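Asker: Shown below is the structure under consideration.
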Amino acid sequence: MDGELPSFQPIFIYLVVILLLTAGMLVVPHFIAPKKRTPVKDMPYESGMDPIGDARQHFDVKYYLVAILFLVFDVELLFLYPWAVSAYQEGGGLAGLRGPVFVVMLVFLVTLVIGYVYAWKKGVFQWR
């Protein structure tokens, strides 16, 4: 392949196949789907429950606090997992930094525990 340009033919074939599949998935249901409209089909549907009352109900602030805390602690676990997997492998890249990285992770965990205890003392986890 000295001086030759690579062939882009497989890429173009792949692109055409993708476009045809996408168009087929969008067009074919219009031909094979049942067309009968009923009041039940036209009714809004949410989480397997029939809509009752106004959709704009107020949620308690506790719900949002627990959701935010869940996200915070869930994301923090994403930081812990790679460290736990790679920190103590044989021949790992962190061999000379195991001590300092361990101290940083301990500070990180202590900060998380302080945040958890603070939320607990504020009563975030208690429902009415």
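A note on labels: chains of the structure tokens are A, B, ... as shown, every chain counts residues from 1, and ligands are counted from 1 in their shown order.
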With only C-alpha atoms as the counted atoms, please give the residues lying no more than 12 Å from segment 118-122 of chain A, apart from itself and same-chain residues fewer than 6 positions off, as a compact mmCIF listing (two decimals) with N, CA and C atoms, in the first residue's frame.

Answerer:
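The result, written out as around.txt:
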# COMPACT_ATOMS: atom_id res chain seq x y z
N LYS A 62 -38.12 16.74 51.23
CA LYS A 62 -37.35 15.58 51.67
C LYS A 62 -37.05 14.63 50.50
N LEU A 65 -34.10 16.03 48.68
CA LEU A 65 -32.87 15.90 49.46
C LEU A 65 -32.33 14.47 49.42
N VAL A 66 -33.21 13.51 49.56
CA VAL A 66 -32.77 12.11 49.50
C VAL A 66 -32.26 11.78 48.10
N ILE A 68 -30.87 13.85 45.93
CA ILE A 68 -29.56 14.50 45.75
C ILE A 68 -28.49 13.74 46.53
N LEU A 69 -28.80 13.33 47.75
CA LEU A 69 -27.82 12.56 48.52
C LEU A 69 -27.50 11.23 47.85
N PHE A 70 -28.52 10.59 47.29
CA PHE A 70 -28.27 9.35 46.57
C PHE A 70 -27.31 9.59 45.41
N THR A 111 -14.46 12.71 54.46
CA THR A 111 -15.33 13.81 54.03
C THR A 111 -16.73 13.30 53.72
N LEU A 112 -16.83 12.14 53.06
CA LEU A 112 -18.14 11.56 52.77
C LEU A 112 -18.88 11.20 54.06

Asker: Run DSSP on the backbone and grab whatever in chain A lands in helix (DSSP H, G or I); send it over as number ranges by chain.

Answerer: A: 9-32, 39-42, 61-86, 95-121

Asker: Interatomic distance between atom CA of Ile52 of chain A and atom CA of Lys36 of chain A?

Answerer: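 Distance between the two atoms: 24.8 Å.
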
Asker: Have a look at atom CA of Asp54 of chain A and atom CA of Trp127 of chain A and let me know their distance in Å, one decimal.

Answerer: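 Spanning atom CA of Asp54 of chain A to atom CA of Trp127 of chain A is a straight-line distance of 23.8 Å.
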
Asker: Compare A:Val85, A:Leu78, A:Val61, A:Val72 by their minimum atom-to-atom distance to Gln126 of chain A, counting only C-alpha atoms, and give me the closest one.

Answerer: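 When distances to Gln126 of chain A are compared using only C-alpha atoms, the smallest one comes from A:Val61.
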